[in-house]
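Participant: Take a look at coords08.txt, compact mmCIF, C-alpha atoms:
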```
# COMPACT_ATOMS: atom_id res chain seq x y z
CA MET A 277 16.97 12.33 11.42
CA ASP A 278 16.34 8.58 11.62
CA TRP A 279 13.06 8.38 9.75
CA MET A 280 12.85 4.60 9.96
CA GLU A 281 13.07 4.62 13.74
CA ILE A 282 10.38 7.32 13.89
CA LEU A 283 8.08 5.46 11.48
CA GLN A 284 8.47 2.25 13.47
CA GLU A 285 7.36 4.10 16.60
CA CYS A 286 4.47 5.83 14.84
CA SER A 287 3.18 2.68 13.16
CA GLN A 288 3.09 0.86 16.51
CA LYS A 289 0.98 3.67 17.95
CA MET A 290 -1.28 3.60 14.89
CA ARG A 291 -1.68 -0.16 15.29
CA LYS A 292 -2.57 0.22 18.95
CA ALA A 293 -5.16 2.89 18.12
CA ALA A 294 -6.70 0.73 15.38
CA LEU A 295 -6.87 -2.39 17.54
CA LYS A 296 -9.12 -0.57 20.03
CA TYR A 297 -11.85 -0.65 17.39
CA TYR A 298 -10.89 -3.72 15.34
CA GLY A 299 -13.92 -5.89 14.64
CA SER A 300 -16.17 -3.64 16.74
CA PRO A 301 -19.37 -1.89 15.54
CA LYS A 302 -17.76 1.34 16.76
CA ALA A 303 -15.07 0.99 14.08
CA ALA A 304 -17.60 1.57 11.31
CA VAL A 305 -19.07 4.83 12.62
CA GLY A 306 -18.74 7.34 9.79
CA PHE A 307 -17.49 10.92 10.07
CA GLY A 308 -18.14 12.25 6.57
CA VAL A 309 -16.34 11.63 3.30
CA GLY A 310 -12.56 11.68 3.52
CA ALA A 311 -10.19 13.28 1.02
CA GLY A 312 -9.80 9.99 -0.82
CA GLY A 313 -13.52 9.79 -1.57
CA ASP A 314 -14.59 7.11 0.93
CA VAL A 315 -16.38 7.62 4.23
CA SER A 316 -13.85 8.22 7.03
CA LYS A 317 -14.55 5.69 9.76
CA ARG A 318 -13.64 5.95 13.43
CA ILE A 319 -10.88 3.37 13.10
CA ASP A 320 -9.25 5.34 10.22
CA LEU A 321 -9.36 8.63 12.09
CA ALA A 322 -8.00 7.09 15.30
CA ALA A 323 -4.98 5.70 13.44
CA GLU A 324 -4.41 8.99 11.60
CA LYS A 325 -4.51 10.96 14.87
CA ALA A 326 -1.96 8.56 16.38
CA LEU A 327 0.40 9.26 13.46
CA ILE A 328 0.03 13.05 13.69
CA ASP A 329 0.51 13.01 17.47
CA CYS A 330 3.61 10.84 17.15
CA LEU A 331 5.25 13.05 14.52
CA SER A 332 4.30 16.19 16.42
CA LYS A 333 5.96 14.78 19.56
CA HIS A 334 9.21 14.68 17.56
CA GLU A 335 8.63 18.34 16.62
CA ILE A 336 8.76 17.55 12.91
CA SER A 337 7.28 20.02 10.45
CA PHE A 338 5.86 18.19 7.46
CA THR A 339 3.15 18.12 4.84
CA LEU A 340 0.67 15.34 5.55
CA ILE A 341 -0.94 13.63 2.56
CA SER A 342 -3.65 11.38 3.97
CA GLU A 343 -6.53 9.40 2.57
CA GLU A 344 -8.63 10.88 5.38
CA SER A 345 -7.52 14.52 5.82
CA GLY A 346 -6.08 15.24 2.40
CA THR A 347 -3.05 17.54 2.21
CA LYS A 348 -2.22 19.83 5.11
CA LYS A 349 0.88 21.35 6.70
CA ILE A 350 1.67 20.35 10.26
CA GLY A 351 4.22 21.99 12.55
CA PHE A 352 5.69 25.48 12.90
CA GLY A 353 8.85 25.34 10.78
CA PRO A 354 9.38 25.05 7.02
CA SER A 355 8.05 21.76 5.68
CA GLU A 356 10.94 19.77 4.17
CA TYR A 357 9.17 16.41 4.18
CA TYR A 358 6.02 14.87 2.78
CA VAL A 359 4.43 12.13 4.88
CA THR A 360 1.91 10.11 2.87
CA THR A 361 -0.40 7.70 4.67
CA ASP A 362 -3.35 5.43 4.48
CA PRO A 363 -3.98 5.09 8.23
CA VAL A 364 -5.83 1.78 7.76
CA ASP A 365 -5.60 0.02 4.41
CA GLY A 366 -8.26 -2.67 4.40
CA THR A 367 -10.82 -0.79 6.49
CA THR A 368 -13.64 -3.11 5.45
CA ASN A 369 -11.63 -6.08 6.72
CA ALA A 370 -10.90 -4.24 9.97
CA VAL A 371 -14.55 -3.32 10.55
CA HIS A 372 -15.58 -6.95 10.08
CA GLY A 373 -12.73 -8.30 12.18
CA LEU A 374 -11.04 -10.00 9.25
CA PRO A 375 -7.30 -10.32 10.05
CA PHE A 376 -5.84 -8.61 6.98
CA SER A 377 -5.22 -4.86 7.11
CA ALA A 378 -2.28 -2.51 7.57
CA ASN A 379 -1.04 0.95 8.48
CA VAL A 380 0.80 2.61 5.59
CA ILE A 381 3.37 5.42 5.88
CA ALA A 382 5.88 6.79 3.37
CA VAL A 383 8.26 9.77 3.56
CA SER A 384 9.59 11.74 0.61
CA GLY A 385 11.36 15.01 -0.10
CA LYS A 386 8.99 15.77 -2.98
CA PRO A 387 5.29 14.95 -3.49
CA TRP A 388 5.89 12.31 -6.17
CA LEU A 389 5.77 8.52 -5.96
CA LYS A 390 9.28 8.05 -7.38
CA ASP A 391 10.72 10.29 -4.66
CA VAL A 392 9.63 8.10 -1.71
CA GLU A 393 12.71 7.35 0.37
CA THR A 394 11.43 5.61 3.52
CA ALA A 395 8.43 3.30 3.77
CA ILE A 396 6.63 1.07 6.23
CA VAL A 397 3.59 -1.20 5.97
CA HIS A 398 2.51 -2.59 9.35
CA ASP A 399 0.23 -5.63 9.50
CA ILE A 400 -2.17 -4.55 12.24
CA VAL A 401 -3.35 -7.96 13.47
CA HIS A 402 -0.11 -9.95 13.21
CA ASP A 403 2.29 -7.12 14.20
CA ILE A 404 4.51 -7.69 11.16
CA THR A 405 6.34 -4.74 9.63
CA TYR A 406 7.56 -4.45 6.06
CA THR A 407 10.12 -1.67 5.66
CA ALA A 408 12.42 -0.14 3.07
CA GLN A 409 14.75 2.78 2.56
CA LYS A 410 15.80 3.71 -0.94
CA GLY A 411 18.94 1.85 -1.98
CA GLU A 412 19.10 -0.27 1.18
CA GLY A 413 16.86 -3.25 0.44
CA ALA A 414 13.54 -4.35 1.90
CA PHE A 415 12.84 -6.11 5.18
CA ARG A 416 10.18 -8.10 7.02
CA ASN A 417 10.56 -7.68 10.78
CA GLY A 418 14.18 -6.73 10.21
CA GLN A 419 15.00 -9.73 7.99
CA LYS A 420 15.94 -8.97 4.39
CA ILE A 421 13.42 -10.15 1.82
CA LYS A 422 13.55 -10.93 -1.90
CA SER A 423 10.73 -11.28 -4.38
CA SER A 424 9.82 -14.52 -6.13
CA GLU A 425 11.66 -15.98 -9.13
CA THR A 426 8.61 -17.91 -10.34
CA SER A 427 8.16 -17.10 -14.03
CA GLU A 428 5.45 -19.49 -15.29
CA LEU A 429 1.87 -18.24 -15.05
CA ALA A 430 0.53 -21.72 -14.35
CA ASP A 431 2.73 -21.94 -11.25
CA ALA A 432 2.29 -18.37 -10.02
CA VAL A 433 0.03 -17.20 -7.19
CA ILE A 434 -1.43 -13.94 -8.50
CA GLY A 435 -3.40 -11.31 -6.65
CA VAL A 436 -6.16 -9.63 -8.67
CA ASP A 437 -8.39 -6.81 -7.42
CA LEU A 438 -11.88 -7.22 -8.86
CA ASN A 439 -13.61 -4.65 -6.65
CA THR A 440 -15.49 -2.52 -9.17
CA PHE A 441 -19.02 -1.85 -10.37
CA ARG A 442 -17.85 -2.45 -13.96
CA ILE A 443 -17.01 -6.09 -13.31
CA GLU A 444 -17.96 -7.33 -16.80
CA GLN A 445 -15.55 -4.94 -18.53
CA LEU A 446 -12.76 -5.75 -16.07
CA VAL A 447 -13.14 -9.51 -16.40
CA ALA A 448 -13.06 -9.15 -20.18
CA LYS A 449 -9.72 -7.33 -19.92
CA LEU A 450 -8.35 -10.05 -17.63
CA GLU A 451 -9.66 -12.98 -19.69
CA GLY A 452 -6.28 -13.83 -21.21
CA LEU A 453 -4.70 -13.98 -17.75
CA PHE A 454 -7.50 -16.11 -16.30
CA LYS A 455 -7.18 -18.63 -19.14
CA ILE A 456 -3.52 -19.36 -18.37
CA GLY A 457 -3.16 -18.74 -14.64
CA LYS A 458 -4.48 -21.17 -12.03
CA HIS A 459 -3.98 -19.57 -8.63
CA PHE A 460 -5.74 -16.23 -8.09
CA ARG A 461 -6.22 -14.44 -4.77
CA HIS A 462 -7.52 -11.19 -3.26
CA PHE A 463 -7.35 -10.52 0.48
CA GLY A 464 -8.71 -6.97 0.63
CA ALA A 465 -5.73 -4.79 1.57
CA ASN A 466 -3.61 -3.95 -1.46
CA ALA A 467 -0.71 -2.45 0.52
CA LEU A 468 -0.19 -5.72 2.34
CA GLU A 469 -0.78 -7.82 -0.77
CA LEU A 470 2.02 -5.96 -2.55
CA CYS A 471 4.28 -6.70 0.42
CA TYR A 472 3.45 -10.37 -0.04
CA VAL A 473 4.81 -10.06 -3.58
CA ALA A 474 7.90 -8.35 -2.13
CA ASP A 475 8.72 -11.25 0.19
CA GLY A 476 7.78 -13.99 -2.28
CA ARG A 477 4.64 -15.23 -0.52
CA THR A 478 2.80 -14.45 -3.75
CA ASP A 479 4.29 -13.98 -7.18
CA ALA A 480 2.36 -11.07 -8.69
CA PHE A 481 -0.47 -8.62 -8.16
CA VAL A 482 -2.59 -7.03 -10.89
CA ASP A 483 -4.83 -4.00 -10.43
CA ILE A 484 -5.97 -2.46 -13.72
CA ARG A 485 -9.22 -0.91 -12.46
CA GLY A 486 -7.85 2.65 -12.42
CA LYS A 487 -9.47 2.90 -8.99
CA LEU A 488 -6.66 2.31 -6.46
CA ARG A 489 -5.46 5.43 -4.63
CA VAL A 490 -1.74 6.15 -4.54
CA THR A 491 -2.02 6.47 -0.74
CA ASP A 492 -2.82 2.73 -0.59
CA MET A 493 0.34 1.57 -2.35
CA VAL A 494 2.84 4.41 -1.78
CA ALA A 495 4.93 2.50 0.77
CA SER A 496 4.58 -0.93 -0.86
CA TYR A 497 5.87 0.57 -4.11
CA LEU A 498 9.30 1.21 -2.58
CA ILE A 499 9.29 -2.02 -0.55
CA LEU A 500 8.61 -4.15 -3.62
CA ARG A 501 11.22 -2.40 -5.75
CA GLU A 502 13.83 -2.70 -3.01
CA ALA A 503 13.02 -6.42 -2.77
CA GLY A 504 13.89 -6.81 -6.46
CA GLY A 505 10.35 -6.87 -7.81
CA ILE A 506 8.71 -5.02 -10.67
CA ILE A 507 5.82 -2.57 -10.38
CA VAL A 508 4.89 -0.52 -13.44
CA SER A 509 1.86 0.70 -15.35
CA PRO A 510 -0.06 -1.87 -17.44
CA GLU A 511 1.70 -0.38 -20.48
CA GLY A 512 5.10 -0.97 -18.88
CA THR A 513 5.96 2.64 -18.04
CA GLU A 514 7.27 3.94 -14.73
CA LEU A 515 4.67 4.74 -12.09
CA ASN A 516 5.42 8.36 -11.32
CA VAL A 517 2.25 10.02 -10.15
CA PRO A 518 1.74 12.95 -7.75
CA LEU A 519 1.18 12.11 -4.10
CA GLU A 520 -2.39 13.34 -3.68
CA ALA A 521 -5.28 11.72 -1.82
CA THR A 522 -7.40 11.75 -4.97
CA GLN A 523 -4.72 10.32 -7.30
CA ARG A 524 -5.65 6.91 -8.68
CA LEU A 525 -3.68 4.47 -10.80
CA SER A 526 -3.38 0.99 -12.32
CA PHE A 527 -0.37 -1.30 -12.17
CA ILE A 528 1.11 -4.73 -12.71
CA ALA A 529 3.43 -5.96 -9.95
CA ALA A 530 5.54 -9.09 -10.24
CA GLY A 531 8.41 -10.75 -8.46
CA ASN A 532 10.61 -10.64 -11.56
CA MET A 533 10.75 -9.22 -15.07
CA LYS A 534 10.04 -12.50 -16.86
CA LEU A 535 6.78 -13.05 -14.99
CA TYR A 536 5.75 -9.43 -15.58
CA GLU A 537 6.32 -9.82 -19.32
CA THR A 538 4.31 -13.05 -19.34
CA ILE A 539 1.42 -11.36 -17.52
CA GLN A 540 1.46 -8.38 -19.86
CA LYS A 541 1.44 -10.68 -22.89
CA ALA A 542 -1.52 -12.63 -21.47
CA LEU A 543 -3.46 -9.41 -20.86
CA LYS A 544 -2.86 -8.24 -24.41
CA SER A 545 -4.12 -11.57 -25.77
```
Let's see the structure in the file written out as structure tokens.
Facilitator:
Amino acid sequence: MDWMEILQECSQKMRKAALKYYGSPKAAVGFGVGAGGDVSKRIDLAAEKALIDCLSKHEISFTLISEESGTKKIGFGPSEYYVTTDPVDGTTNAVHGLPFSANVIAVSGKPWLKDVETAIVHDIVHDITYTAQKGEGAFRNGQKIKSSETSELADAVIGVDLNTFRIEQLVAKLEGLFKIGKHFRHFGANALELCYVADGRTDAFVDIRGKLRVTDMVASYLILREAGGIIVSPEGTELNVPLEATQRLSFIAAGNMKLYETIQKALKS
């Protein structure tokens, strides 16, 4: 089975479904709390339905792990695959018409992050796809990509997610990084921001809130690693968490090991 070809098809259909509501008041209509803990909006559910319909058309039996629907088996045969998705990462951006959001899909043989074998992150507005298959490199619209070699904090463009109610505690933890770094960014869709680290547009991304769902970064995790980048826990250990809609985590991502070590040292200071 050519999973990459199938995911390319499905992500295009998800994009088309999302664009029907992009920037429209209809996009924000809520349909209860999704499995990930946020309100499921019309735009999220439309993209999720497009994915399920696409996979069902191929008569694939699988276990869906979705930020909206949670975990459920789909199809009539034995489920050999796990398909993990955030149908729209950056929903707030999409509702407001801000041009930075993505469809996220990852396929694995086991429900663990380290077992993801095929991944796609599709920029909804700009129709750009980031893809990876384990051991085969990472690509942007079919062109191979490599993460940044920038190693000095003062030169690095670093993404930082500050979206939390406990902002004072978070800023205190990041103080050492803020004192040395000069170029900080956050665009509002972590899956796509990690892909920017993968292709060297930015140099690192730090999210130590313990709030990000694994469904948001499941595909970017493989894409970044295949591009030569680093993505580990703040303590430096491997990110191997179960693929569940409620699973949350923290991480430091960097284009190279030297920059990661510099960031970790700054955080400890």
Participant: Between A:Val380, A:Val490, A:Leu374, A:Ala480, which is the closest to Lys534 in chain A once you count all atoms listed in the file?
Facilitator: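 Residue with the minimum atom-to-atom distance to Lys534 in chain A: A:Ala480.
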Participant: Need to verify the contact set: Gln284 in chain A, 10 Å, all atoms listed in the file, exclusion of same-chain residues closer than 5 positions in sequence. Can you return it as a list in words?
Facilitator: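 After dropping sequence-adjacent residues, the list is Trp279, Lys289, Met290, Ile381, Ala395, Ile396, Val397, His398, Thr405 and Thr407 of chain A.
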Participant: Nearest to Lys487 in chain A among A:His462, A:Lys449, A:Lys455, A:Arg442, with distances taken over all atoms listed in the file: which residue is it?
Facilitator: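 Closest to Lys487 in chain A, using all atoms listed in the file: A:Arg442.
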Participant: Out of A:Gly504, A:Thr440, A:Leu498, A:Phe415, which residue has the shortest atom-to-atom distance to Gly486 in chain A when counting only C-alpha atoms?
Facilitator: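 Looking at the shortest contact to Gly486 in chain A, the residue is A:Thr440.
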Participant: So, with all atoms listed in the file as the atoms that count, which of A:Arg485, A:His459, A:Lys386, A:Lys302 lies closest to Ile341 in chain A?
Facilitator: A:Lys386
Participant: Within 12 Å of (9.4, 18.5, 17.2) in the file's own coordinates, which protein, DNA or RNA residues have an atom, counting all atoms listed in the file? List them as a list in words.
Facilitator: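 So the residues meeting the distance criterion are Met277, Ile282, Ile328, Asp329, Cys330, Leu331, Ser332, Lys333, His334, Glu335, Ile336, Ser337, Phe338, Ile350, Gly351, Phe352 and Gly353 of chain A.
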Participant: With distances taken over all atoms listed in the file, which residue among A:His402, A:Lys292, A:Lys325, A:Arg416 lies nearest Glu344 in chain A?
Facilitator: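 Among the listed residues, A:Lys325 lies closest to Glu344 in chain A.
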Participant: Work out how far CA of Thr367 in chain A is from CA of Asp399 in chain A, in Å to one decimal.
Facilitator: 12.4 Å
Participant: Can you tell me which residues surround Val383 in chain A at a distance of at most 10 Å, considering all atoms listed in the file, apart from same-chain residues fewer than 2 positions away, and format the answer as a PyMOL selection string?
Facilitator: chain A and resi 279-280+283+338-340+357-361+381+385-387+389+391-396+409+494-495
Participant: Taking into account only C-alpha atoms, which residue in the set A:Glu520, A:Tyr497, A:Leu438, A:Glu444 is nearest to Ile484 in chain A?
Facilitator: A:Leu438
Participant: What does the distance from CA of Glu324 in chain A to CA of Leu468 in chain A come to in Å, to one decimal?
Facilitator: 17.9 Å
Participant: Rounded to one decimal, what separation in Å do you get between CA of Asp492 in chain A and CA of Ala467 in chain A?
Facilitator: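 Atom-to-atom, CA of Asp492 in chain A to CA of Ala467 in chain A, that is 5.7 Å.
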Participant: Once you count all atoms listed in the file, which residues end up no further than 10 Å from (0.1, -16.4, -2.6) in the file's frame, shown as number ranges by chain?
Facilitator: A: 432-435, 459-463, 469, 472-473, 476-481
Participant: Please return range 463-481 of chain A, rebuilt to N, CA and C atoms, as a PDB file, in the frame of the given file.
Facilitator:
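Wrote it out as out.pdb, contents follow:
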```pdb
ATOM      1  N   PHE A 463      -7.144 -10.500  -0.967  1.00  0.00           N
ATOM      2  CA  PHE A 463      -7.350 -10.520   0.480  1.00  0.00           C
ATOM      3  C   PHE A 463      -7.968  -9.229   1.017  1.00  0.00           C
ATOM      4  N   GLY A 464      -7.975  -8.157   0.226  1.00  0.00           N
ATOM      5  CA  GLY A 464      -8.710  -6.970   0.630  1.00  0.00           C
ATOM      6  C   GLY A 464      -7.905  -5.834   1.225  1.00  0.00           C
ATOM      7  N   ALA A 465      -6.577  -5.903   1.129  1.00  0.00           N
ATOM      8  CA  ALA A 465      -5.730  -4.790   1.570  1.00  0.00           C
ATOM      9  C   ALA A 465      -4.521  -4.756   0.631  1.00  0.00           C
ATOM     10  N   ASN A 466      -4.602  -3.896  -0.382  1.00  0.00           N
ATOM     11  CA  ASN A 466      -3.610  -3.950  -1.460  1.00  0.00           C
ATOM     12  C   ASN A 466      -2.196  -3.629  -0.986  1.00  0.00           C
ATOM     13  N   ALA A 467      -2.056  -2.761   0.008  1.00  0.00           N
ATOM     14  CA  ALA A 467      -0.710  -2.450   0.520  1.00  0.00           C
ATOM     15  C   ALA A 467      -0.027  -3.697   1.024  1.00  0.00           C
ATOM     16  N   LEU A 468      -0.759  -4.501   1.777  1.00  0.00           N
ATOM     17  CA  LEU A 468      -0.190  -5.720   2.340  1.00  0.00           C
ATOM     18  C   LEU A 468      -0.011  -6.794   1.271  1.00  0.00           C
ATOM     19  N   GLU A 469      -0.916  -6.848   0.309  1.00  0.00           N
ATOM     20  CA  GLU A 469      -0.780  -7.820  -0.770  1.00  0.00           C
ATOM     21  C   GLU A 469       0.468  -7.559  -1.608  1.00  0.00           C
ATOM     22  N   LEU A 470       0.792  -6.294  -1.825  1.00  0.00           N
ATOM     23  CA  LEU A 470       2.020  -5.960  -2.550  1.00  0.00           C
ATOM     24  C   LEU A 470       3.251  -6.357  -1.735  1.00  0.00           C
ATOM     25  N   CYS A 471       3.171  -6.254  -0.422  1.00  0.00           N
ATOM     26  CA  CYS A 471       4.280  -6.700   0.420  1.00  0.00           C
ATOM     27  C   CYS A 471       4.448  -8.207   0.343  1.00  0.00           C
ATOM     28  N   TYR A 472       3.360  -8.928   0.144  1.00  0.00           N
ATOM     29  CA  TYR A 472       3.450 -10.370  -0.040  1.00  0.00           C
ATOM     30  C   TYR A 472       4.190 -10.712  -1.340  1.00  0.00           C
ATOM     31  N   VAL A 473       4.025  -9.877  -2.352  1.00  0.00           N
ATOM     32  CA  VAL A 473       4.810 -10.060  -3.580  1.00  0.00           C
ATOM     33  C   VAL A 473       6.283  -9.756  -3.285  1.00  0.00           C
ATOM     34  N   ALA A 474       6.526  -8.740  -2.462  1.00  0.00           N
ATOM     35  CA  ALA A 474       7.900  -8.350  -2.130  1.00  0.00           C
ATOM     36  C   ALA A 474       8.654  -9.470  -1.433  1.00  0.00           C
ATOM     37  N   ASP A 475       7.981 -10.216  -0.544  1.00  0.00           N
ATOM     38  CA  ASP A 475       8.720 -11.250   0.190  1.00  0.00           C
ATOM     39  C   ASP A 475       8.497 -12.652  -0.379  1.00  0.00           C
ATOM     40  N   GLY A 476       7.887 -12.715  -1.577  1.00  0.00           N
ATOM     41  CA  GLY A 476       7.780 -13.990  -2.280  1.00  0.00           C
ATOM     42  C   GLY A 476       6.667 -14.893  -1.812  1.00  0.00           C
ATOM     43  N   ARG A 477       5.787 -14.411  -0.930  1.00  0.00           N
ATOM     44  CA  ARG A 477       4.640 -15.230  -0.520  1.00  0.00           C
ATOM     45  C   ARG A 477       3.686 -15.411  -1.689  1.00  0.00           C
ATOM     46  N   THR A 478       3.503 -14.352  -2.472  1.00  0.00           N
ATOM     47  CA  THR A 478       2.800 -14.450  -3.750  1.00  0.00           C
ATOM     48  C   THR A 478       3.749 -13.994  -4.842  1.00  0.00           C
ATOM     49  N   ASP A 479       3.363 -14.227  -6.077  1.00  0.00           N
ATOM     50  CA  ASP A 479       4.290 -13.980  -7.180  1.00  0.00           C
ATOM     51  C   ASP A 479       3.981 -12.720  -7.972  1.00  0.00           C
ATOM     52  N   ALA A 480       2.735 -12.261  -7.913  1.00  0.00           N
ATOM     53  CA  ALA A 480       2.360 -11.070  -8.690  1.00  0.00           C
ATOM     54  C   ALA A 480       1.063 -10.501  -8.136  1.00  0.00           C
ATOM     55  N   PHE A 481       0.789  -9.263  -8.522  1.00  0.00           N
ATOM     56  CA  PHE A 481      -0.470  -8.620  -8.160  1.00  0.00           C
ATOM     57  C   PHE A 481      -0.859  -7.687  -9.305  1.00  0.00           C
TER      58      PHE A 481
END
```
